[in-house]
$ cat data11.txt   # compact mmCIF, C-alpha atoms and all ligand atoms
# COMPACT_ATOMS: atom_id res chain seq x y z
CA MET R 1 80.59 111.16 125.66
CA ASP R 2 84.11 111.97 126.54
CA LYS R 3 85.62 108.55 126.46
CA LYS R 4 88.95 108.58 124.68
CA ARG R 5 88.91 106.97 121.26
CA VAL R 6 91.06 103.98 120.36
CA LEU R 7 91.80 102.62 116.91
CA SER R 8 93.84 99.65 115.85
CA GLY R 9 93.91 96.89 113.28
CA VAL R 10 95.56 93.70 112.11
CA GLN R 11 96.27 92.69 108.54
CA SER R 12 94.21 89.83 107.23
CA THR R 13 97.14 88.01 105.70
CA GLY R 14 97.92 84.43 106.62
CA ASN R 15 97.34 82.25 109.63
CA LEU R 16 97.17 84.08 112.93
CA THR R 17 99.89 83.50 115.45
CA LEU R 18 100.23 83.64 119.20
CA GLY R 19 102.28 86.78 118.56
CA ASN R 20 99.34 88.51 116.85
CA PHE R 21 97.09 87.50 119.68
CA LEU R 22 99.29 88.40 122.64
CA GLY R 23 100.84 91.41 120.95
CA ALA R 24 97.56 92.96 119.90
CA ILE R 25 94.08 91.55 120.33
CA ASN R 26 94.51 90.27 123.88
CA ASN R 27 95.33 93.80 125.02
CA TRP R 28 92.39 95.34 123.24
CA VAL R 29 90.04 93.26 125.36
CA THR R 30 91.18 95.13 128.44
CA MET R 31 90.35 98.48 126.83
CA GLN R 32 86.75 97.92 125.83
CA GLU R 33 85.07 99.30 128.95
CA GLN R 34 87.11 102.42 129.29
CA TYR R 35 87.46 103.58 125.70
CA ASP R 36 85.44 104.16 122.55
CA CYS R 37 87.06 101.46 120.42
CA TYR R 38 87.41 100.96 116.67
CA TYR R 39 89.12 97.79 115.49
CA MET R 40 89.53 97.14 111.84
CA ILE R 41 90.50 94.34 109.56
CA ALA R 42 93.34 95.93 107.59
CA ASP R 43 92.52 94.15 104.33
CA LEU R 44 93.83 96.96 102.11
CA HIS R 45 97.20 96.71 103.81
CA SER R 46 97.18 93.01 102.99
CA LEU R 47 97.25 93.78 99.28
CA THR R 48 100.87 94.89 99.49
CA VAL R 49 101.80 91.21 99.16
CA ARG R 50 100.30 88.70 96.70
CA ASN R 51 97.41 86.69 98.06
CA ASP R 52 95.02 84.12 96.77
CA PRO R 53 91.76 86.16 96.55
CA ASN R 54 89.51 83.57 98.18
CA THR R 55 91.97 82.95 100.96
CA LEU R 56 92.29 86.66 101.62
CA ARG R 57 88.51 87.02 101.86
CA GLU R 58 88.26 84.02 104.15
CA ASN R 59 91.06 85.36 106.33
CA ALA R 60 89.22 88.61 106.88
CA LEU R 61 86.21 86.72 108.22
CA LYS R 62 88.48 84.55 110.34
CA LEU R 63 90.09 87.60 111.83
CA ILE R 64 86.71 89.01 112.84
CA ALA R 65 85.84 85.66 114.43
CA LEU R 66 89.12 85.80 116.30
CA TYR R 67 88.52 89.33 117.55
CA VAL R 68 85.23 88.21 119.04
CA ALA R 69 86.46 84.81 120.26
CA ALA R 70 89.31 86.55 122.04
CA GLY R 71 86.79 88.54 124.02
CA LEU R 72 86.01 91.72 122.08
CA ASP R 73 82.33 92.33 122.63
CA PRO R 74 80.84 93.40 119.28
CA GLN R 75 78.29 95.51 121.14
CA LYS R 76 80.94 97.51 122.92
CA ASN R 77 83.51 97.75 120.13
CA ASN R 78 83.20 98.82 116.54
CA ILE R 79 84.65 95.98 114.51
CA PHE R 80 84.87 96.94 110.86
CA VAL R 81 86.50 96.21 107.51
CA GLN R 82 88.94 98.84 106.26
CA SER R 83 88.03 98.40 102.58
CA HIS R 84 84.34 98.96 103.39
CA VAL R 85 85.03 102.53 104.44
CA SER R 86 86.22 104.26 101.29
CA ALA R 87 87.43 107.29 103.24
CA HIS R 88 90.60 105.34 104.12
CA SER R 89 91.70 105.13 100.50
CA GLU R 90 90.64 108.69 99.77
CA LEU R 91 92.43 110.25 102.71
CA SER R 92 95.44 108.10 102.00
CA TRP R 93 95.82 109.63 98.54
CA ILE R 94 95.57 113.13 99.92
CA LEU R 95 98.07 112.45 102.69
CA ASN R 96 100.48 110.89 100.19
CA CYS R 97 100.85 114.42 98.92
CA TYR R 98 101.89 115.57 102.41
CA THR R 99 104.42 112.82 103.07
CA TYR R 100 107.99 112.84 101.81
CA MET R 101 109.84 110.09 99.97
CA GLY R 102 112.69 110.51 102.46
CA GLU R 103 110.39 109.81 105.41
CA LEU R 104 108.98 106.69 103.83
CA SER R 105 112.43 105.46 102.81
CA ARG R 106 113.46 105.47 106.46
CA MET R 107 110.74 103.06 107.57
CA THR R 108 112.40 99.88 108.81
CA GLN R 109 109.36 97.76 107.95
CA PHE R 110 109.63 98.91 104.34
CA LYS R 111 113.29 98.00 104.27
CA ASP R 112 112.62 94.59 105.82
CA LYS R 113 109.70 93.80 103.58
CA SER R 114 111.48 94.88 100.43
CA ALA R 115 114.35 92.60 101.33
CA LYS R 116 111.90 89.75 101.89
CA HIS R 117 109.84 90.33 98.74
CA ALA R 118 112.57 91.50 96.42
CA ASP R 119 110.49 90.40 93.42
CA ASN R 120 107.54 92.61 94.39
CA ILE R 121 108.64 95.93 95.85
CA ASN R 122 105.44 97.70 94.85
CA SER R 123 104.62 101.29 95.66
CA GLY R 124 101.87 100.15 98.03
CA LEU R 125 104.57 98.66 100.21
CA PHE R 126 106.26 102.04 100.19
CA THR R 127 103.18 104.12 101.00
CA TYR R 128 101.79 101.57 103.46
CA PRO R 129 102.47 103.88 106.44
CA VAL R 130 100.44 106.67 104.85
CA LEU R 131 97.42 104.40 104.66
CA MET R 132 98.03 103.47 108.26
CA ALA R 133 98.21 107.15 109.23
CA SER R 134 94.91 107.69 107.42
CA ASP R 135 93.31 104.78 109.29
CA ILE R 136 94.17 106.43 112.55
CA ILE R 137 93.62 110.13 112.07
CA LEU R 138 90.37 109.71 110.15
CA TYR R 139 88.86 108.71 113.49
CA GLN R 140 90.60 111.40 115.51
CA ALA R 141 91.92 108.54 117.61
CA ASP R 142 93.56 109.44 120.92
CA LEU R 143 95.30 106.13 121.44
CA VAL R 144 96.64 103.44 119.17
CA PRO R 145 97.49 100.11 120.78
CA VAL R 146 100.34 98.70 118.72
CA GLY R 147 103.33 96.46 119.14
CA GLU R 148 106.86 97.81 119.26
CA ASP R 149 107.33 97.12 115.56
CA GLN R 150 104.66 99.68 114.62
CA LYS R 151 105.99 102.52 116.77
CA GLN R 152 107.90 104.06 113.89
CA HIS R 153 104.73 104.15 111.78
CA LEU R 154 102.94 105.85 114.61
CA GLU R 155 105.65 108.48 114.89
CA LEU R 156 105.22 109.17 111.19
CA THR R 157 101.45 109.39 111.68
CA ARG R 158 102.00 112.06 114.31
CA ASP R 159 104.35 113.97 111.99
CA ILE R 160 101.85 113.90 109.14
CA ALA R 161 98.99 115.01 111.40
CA GLU R 162 101.05 117.84 112.86
CA ARG R 163 102.24 118.94 109.44
CA PHE R 164 98.70 119.10 108.12
CA ASN R 165 97.44 120.93 111.20
CA LYS R 166 100.20 123.48 110.85
CA ILE R 167 99.24 124.30 107.28
CA TYR R 168 95.44 124.20 107.58
CA GLY R 169 94.71 124.72 111.27
CA ASP R 170 93.47 122.10 113.71
CA THR R 171 92.18 119.19 111.69
CA PHE R 172 93.54 116.01 113.17
CA LYS R 173 93.99 114.79 116.71
CA VAL R 174 97.66 113.84 117.13
CA PRO R 175 97.51 110.22 118.37
CA GLU R 176 99.62 108.51 120.98
CA ALA R 177 100.96 104.96 120.88
CA TYR R 178 99.58 102.78 123.62
CA ILE R 179 102.05 100.04 124.42
CA THR R 180 100.76 97.71 127.10
CA ARG R 181 102.84 95.79 129.59
CA SER R 182 102.22 92.43 127.97
CA GLY R 183 101.98 93.88 124.50
CA ALA R 184 105.65 93.93 123.71
CA LYS R 185 106.95 91.84 120.89
CA ILE R 186 106.63 88.08 120.93
CA MET R 187 109.66 86.53 119.26
CA GLY R 188 110.12 83.26 117.40
CA LEU R 189 110.67 80.09 119.43
CA GLN R 190 113.54 78.89 117.27
CA ASN R 191 114.98 82.28 116.50
CA PRO R 192 114.20 84.52 119.47
CA GLU R 193 116.10 87.40 117.87
CA ALA R 194 113.28 87.92 115.33
CA LYS R 195 109.58 88.58 115.74
CA MET R 196 107.30 85.53 115.67
CA SER R 197 106.12 85.58 112.11
CA LYS R 198 103.40 83.73 110.28
CA SER R 199 105.66 83.47 107.26
CA ALA R 200 108.44 81.71 109.18
CA THR R 201 109.94 78.87 107.18
CA ASN R 202 110.59 76.79 110.28
CA LEU R 203 107.14 75.89 111.61
CA ASN R 204 108.57 75.20 115.06
CA ASP R 205 109.33 78.90 115.31
CA VAL R 206 105.71 79.92 115.51
CA ILE R 207 102.59 78.96 117.44
CA PHE R 208 99.49 79.33 115.31
CA LEU R 209 96.22 80.02 117.04
CA ASN R 210 94.72 76.89 115.55
CA ASP R 211 97.57 74.61 116.64
CA THR R 212 96.45 71.55 118.59
CA PRO R 213 97.55 71.17 122.24
CA ASP R 214 100.00 68.47 121.08
CA ASP R 215 101.59 70.79 118.54
CA ILE R 216 101.86 73.54 121.12
CA VAL R 217 103.56 71.31 123.68
CA LYS R 218 105.95 69.95 121.05
CA LYS R 219 106.92 73.40 119.84
CA PHE R 220 107.57 74.74 123.33
CA LYS R 221 109.65 71.66 124.20
CA LYS R 222 111.85 72.44 121.20
CA ALA R 223 112.08 76.16 121.93
CA VAL R 224 115.63 77.50 121.86
CA THR R 225 117.01 78.59 125.25
CA ASP R 226 120.60 78.68 126.51
CA SER R 227 122.82 76.59 128.74
CA ASP R 228 122.43 78.48 132.07
CA ASN R 229 119.31 76.59 133.16
CA LEU R 230 118.24 79.79 134.93
CA VAL R 231 114.82 81.39 134.44
CA LYS R 232 115.79 85.04 134.43
CA TYR R 233 114.59 87.96 132.32
CA ASP R 234 117.50 89.27 130.27
CA PRO R 235 116.46 89.83 126.62
CA GLU R 236 119.97 90.84 125.63
CA ASN R 237 121.84 87.77 126.85
CA LYS R 238 118.99 85.29 127.23
CA PRO R 239 116.60 86.05 124.36
CA GLY R 240 115.00 82.59 124.26
CA VAL R 241 114.21 82.34 127.96
CA SER R 242 113.12 85.99 128.10
CA ASN R 243 110.71 85.42 125.25
CA LEU R 244 109.20 82.40 126.99
CA MET R 245 108.81 84.52 130.12
CA GLN R 246 107.17 87.22 128.06
CA ILE R 247 104.69 84.69 126.68
CA TYR R 248 104.04 83.13 130.08
CA GLY R 249 103.56 86.57 131.62
CA ALA R 250 101.13 87.61 128.91
CA VAL R 251 98.90 84.57 129.30
CA THR R 252 98.99 84.40 133.10
CA SER R 253 99.30 88.13 133.90
CA LYS R 254 102.26 87.33 136.13
CA SER R 255 105.14 89.78 136.37
CA LYS R 256 108.71 88.94 135.41
CA GLU R 257 109.71 88.86 139.09
CA GLU R 258 106.87 86.51 139.97
CA ILE R 259 107.91 84.20 137.17
CA GLU R 260 111.55 84.21 138.21
CA LYS R 261 110.50 83.27 141.74
CA GLU R 262 108.10 80.58 140.58
CA PHE R 263 110.82 78.75 138.66
CA GLU R 264 113.74 79.37 140.98
CA GLY R 265 115.91 76.27 141.20
CA GLN R 266 113.93 74.50 138.46
CA GLY R 267 115.19 73.56 135.06
CA TYR R 268 114.08 74.71 131.66
CA GLY R 269 112.18 71.45 131.13
CA THR R 270 109.68 72.28 133.87
CA PHE R 271 109.49 75.90 132.80
CA LYS R 272 108.81 75.08 129.15
CA MET R 273 106.03 72.68 130.07
CA ALA R 274 104.44 75.31 132.31
CA VAL R 275 104.52 77.84 129.47
CA ALA R 276 103.08 75.29 127.03
CA TYR R 277 100.22 74.33 129.34
CA ALA R 278 99.41 77.94 130.16
CA VAL R 279 99.19 78.71 126.44
CA VAL R 280 97.06 75.62 125.76
CA GLU R 281 94.67 76.59 128.57
CA LYS R 282 94.47 80.19 127.39
CA LEU R 283 93.75 79.19 123.80
CA LYS R 284 91.28 76.39 124.48
CA PRO R 285 88.13 78.49 125.06
CA ILE R 286 89.17 80.93 122.34
CA GLN R 287 89.60 78.14 119.80
CA SER R 288 86.22 76.64 120.52
CA LYS R 289 84.44 80.01 120.40
CA TYR R 290 86.31 80.81 117.19
CA ASN R 291 85.18 77.61 115.48
CA GLU R 292 81.62 78.18 116.60
CA LEU R 293 81.64 81.73 115.25
CA LEU R 294 83.15 80.71 111.92
CA SER R 295 80.26 78.37 111.31
CA ASN R 296 77.92 81.34 111.56
CA LYS R 297 78.96 83.68 108.75
CA ASP R 298 75.69 85.63 108.96
CA TYR R 299 76.52 86.66 112.48
CA ILE R 300 80.00 87.76 111.42
CA LYS R 301 78.45 89.81 108.66
CA GLN R 302 76.11 91.49 111.13
CA ILE R 303 79.07 92.40 113.29
CA TYR R 304 81.06 94.11 110.57
CA GLU R 305 78.05 95.76 108.97
CA LYS R 306 77.26 97.52 112.20
CA GLY R 307 80.93 98.42 112.67
CA ASP R 308 81.26 99.64 109.07
CA GLU R 309 78.29 101.93 109.50
CA ASN R 310 79.60 103.53 112.69
CA ALA R 311 83.05 103.88 111.19
CA ARG R 312 81.72 105.55 108.03
CA LYS R 313 79.86 108.15 110.09
CA ILE R 314 82.99 109.37 111.81
CA ALA R 315 85.35 108.97 108.86
CA SER R 316 83.14 110.93 106.49
CA VAL R 317 83.13 113.97 108.75
CA THR R 318 86.93 114.10 108.89
CA LEU R 319 87.31 113.46 105.17
CA LYS R 320 84.89 116.24 104.25
CA ASP R 321 86.78 118.69 106.44
CA VAL R 322 90.08 117.69 104.82
CA LYS R 323 88.73 117.97 101.28
CA GLU R 324 87.40 121.42 102.02
CA LYS R 325 90.66 122.54 103.55
CA VAL R 326 92.87 121.36 100.69
CA GLY R 327 90.60 123.00 98.13
CA LEU R 328 88.43 120.29 96.63
CA ILE R 329 84.82 121.08 95.82
CA VAL R 330 82.68 119.30 98.40
N1 LIG R 401 100.39 97.98 110.13
C1 LIG R 401 99.76 97.28 111.22
C2 LIG R 401 100.48 95.96 111.44
O1 LIG R 401 101.01 95.38 110.54
C3 LIG R 401 98.31 97.04 110.96
C4 LIG R 401 97.57 98.33 110.87
C5 LIG R 401 97.04 98.88 109.76
C6 LIG R 401 97.28 99.21 111.95
N2 LIG R 401 96.41 100.06 110.06
C7 LIG R 401 96.56 100.30 111.37
C8 LIG R 401 97.57 99.20 113.31
C9 LIG R 401 96.13 101.36 112.17
C10 LIG R 401 97.15 100.27 114.09
C11 LIG R 401 96.43 101.35 113.52
O2 LIG R 401 100.45 95.46 112.56
$ encode --input "data11.txt" --output "C-alpha cells" --more "lines below"
Ligand code: TRP
Amino acid sequence: MDKKRVLSGVQSTGNLTLGNFLGAINNWVTMQEQYDCYYMIADLHSLTVRNDPNTLRENALKLIALYVAAGLDPQKNNIFVQSHVSAHSELSWILNCYTYMGELSRMTQFKDKSAKHADNINSGLFTYPVLMASDIILYQADLVPVGEDQKQHLELTRDIAERFNKIYGDTFKVPEAYITRSGAKIMGLQNPEAKMSKSATNLNDVIFLNDTPDDIVKKFKKAVTDSDNLVKYDPENKPGVSNLMQIYGAVTSKSKEEIEKEFEGQGYGTFKMAVAYAVVEKLKPIQSKYNELLSNKDYIKQIYEKGDENARKIASVTLKDVKEKVGLIV
C-alpha cells in the first residue's frame, strides 16, 4: 500500500457551523478514494475550554454522525476518537519537552483564545499545538487538510518533527498542509472580517448545520455586503460579498469567475437568495442522514470502535519507537 496518509480532526465543542463543514469535512470527502485517511474527533482539545460533560460527550457522537452524513464512508476512512487512543496524550507529554515556550507564545490562536477566555488561560490552551502535532506525527501523516487558521500550528508541527528527527534520526514524517480550493476560511455573515464562529454572540453571523431552511434564508438576506451592488471577488475591499462568493463556490463547485459572470448586472438581493438556496439544497440530504444516524448510536459506536482499533495499531508503533529513542524502558 503506498497511498499517502491523511490525518485531520475537528474539536467536539459546540454546535457545528457551515464554516466547519465547508472549511473541513466537505473537503475530506473528496480525498477518501485517493488517500489512506484518519479523521478524529479532537475531544481532548475540547477540554481547553469549560464544557458541560454530557453535552461534550453528545457532541462527539454528533460530530461522528456529521462526518458520515457529509459523505465520509466509514469503510474507507478511519473515523476515531482522540481520547480513545492514549498514545496522543503520551506523545504529547514527550513532545512538550521538545517545544519551546517562545514558540508556543507566538501562536496567534493562543493569543486570541486567551483574550477571549481571560478567566481561564489554562496551560492546556498553551500546549494545545503540541497535542495537535502529536495527533499528526503519530500517524506519520503525509498530508493534513486544514483551514488557513491552522497553518501556523502545522508549521510548528513540522518544526517539532524536524527537531526530533535531527536529534534522534528519522522518526517522524514531516507533514504538509493540504489547503483545498474551497477550503479557505468561511467568515461571519455579519462580521466578514472574522471567521464564522460557533461562539458568535450575534446568531445572524453564523449558519449552524441544523438551521432550518427558513433560518438559513433569513440569515443570508441579512448578510452584510457593501453599497457597490457588484458581485466581484475582492476580499480586501469587499469582504462580505467575497465571503458569500466563497460559500457559494464551495457548495456549487463554481469558480469565482463563473460566479461573477452568473450574477453580472444583478443585485445583491438575487445573489443572496441564490447563495441561501444553494446552501439549503446542499444541507438538506446531509441533515436528514445526520438525524437518521444520530438515532442509531450503536452504529456510531461500531464506526469509532473500528477506527479506534486501526488508529491504535499505527500510533503504538510510533510511540514505542519514540520512547525507545528518548531513553524510556519499553
Ligand atoms: N486544532 C484543530 C482545529 O481547531 C483541530 C485539530 C486537532 C486538528 N488535532 C488536529 C486538525 C490534527 C488537524 C490535525 O481546527
$ residues_near_ligand --input "data11.txt" --ligand "ligand LIG 401 (chain R)" --cutoff "10 Å" --atoms "all atoms listed in the file" --output "number ranges by chain"
R: 6-13, 20, 23-24, 38-46, 82, 88, 109, 128-137, 141, 143-151, 153-154, 157, 177
$ closest_residue --input "data11.txt" --among "R:Ile207, R:Gly269, R:Met187, R:Tyr98" --to "Arg163 (chain R)" --atoms "all atoms listed in the file"
R:Tyr98
$ closest_residue --input "data11.txt" --among "R:Lys3, R:Arg158, R:Lys173, R:Arg57" --to "Met31 (chain R)" --atoms "all atoms listed in the file"
R:Lys3
$ atom_distance --input "data11.txt" --atom1 "CA of Thr171 (chain R)" --atom2 "CA of Leu104 (chain R)"
22.4 Å
$ residues_around --input "data11.txt" --residues "Leu61 (chain R)" --least-positions-apart "4" --cutoff "12 Å" --atoms "all atoms listed in the file" --output "count of residues only"
32
$ residues_around --input "data11.txt" --residues "Asn78 (chain R)" --least-positions-apart "4" --cutoff "8 Å" --atoms "all atoms listed in the file" --output "ChimeraX atom specification"
/R:37-39,74,304,306-308,310-311
$ residues_around --input "data11.txt" --residues "Phe220 (chain R)" --least-positions-apart "4" --cutoff "7 Å" --atoms "all atoms listed in the file" --output "PyMOL selection string"
chain R and resi 216+272+276
$ closest_residue --input "data11.txt" --among "R:Ile121, R:Leu22, R:Leu328, R:Ile167" --to "Ser253 (chain R)" --atoms "only C-alpha atoms"
R:Leu22
$ atom_distance --input "data11.txt" --atom1 "CA of Gly327 (chain R)" --atom2 "CA of Arg5 (chain R)"
28.2 Å
$ closest_residue --input "data11.txt" --among "R:Val322, R:Val217, R:Val317, R:Leu72" --to "Glu281 (chain R)" --atoms "only C-alpha atoms"
R:Val217
$ atom_distance --input "data11.txt" --atom1 "CA of Pro53 (chain R)" --atom2 "CA of Lys289 (chain R)"
25.7 Å
$ closest_residue --input "data11.txt" --among "R:Thr17, R:Thr225, R:Ser83, R:Gln287" --to "Ser242 (chain R)" --atoms "all atoms listed in the file"
R:Thr225
$ closest_residue --input "data11.txt" --among "R:Asp52, R:Glu90, R:Glu33, R:Asp170" --to "Lys323 (chain R)" --atoms "only C-alpha atoms"
R:Glu90
$ axis_aligned_box --input "data11.txt" --around "region 143-147 of chain R" --padding-each-side "6 Å" --output "lines of an AutoDock Vina configuration file"
center_x = 99.3
center_y = 101.3
center_z = 120.1
size_x = 20.0
size_y = 21.7
size_z = 14.7
$ residues_around --input "data11.txt" --residues "Lys195 (chain R)" --least-positions-apart "4" --cutoff "9 Å" --atoms "all atoms listed in the file" --output "list in words"
Gly19, Asp149, Lys185, Ile186, Met187, Gly188 and Asn191 of chain R
$ write_last_selection --input "data11.txt" --atoms "C-alpha atoms" --output "PDB file, in the coordinates of the input"
ATOM      1  CA  GLY R  19     102.280  86.780 118.560  1.00  0.00           C
ATOM      2  CA  ASP R 149     107.330  97.120 115.560  1.00  0.00           C
ATOM      3  CA  LYS R 185     106.950  91.840 120.890  1.00  0.00           C
ATOM      4  CA  ILE R 186     106.630  88.080 120.930  1.00  0.00           C
ATOM      5  CA  MET R 187     109.660  86.530 119.260  1.00  0.00           C
ATOM      6  CA  GLY R 188     110.120  83.260 117.400  1.00  0.00           C
ATOM      7  CA  ASN R 191     114.980  82.280 116.500  1.00  0.00           C
TER       8      ASN R 191
END
$ residues_around --input "data11.txt" --residues "Met245 (chain R)" --least-positions-apart "2" --cutoff "9 Å" --atoms "only C-alpha atoms" --output "ChimeraX atom specification"
/R:231-233,240-243,247-250,255-256,259-260,275
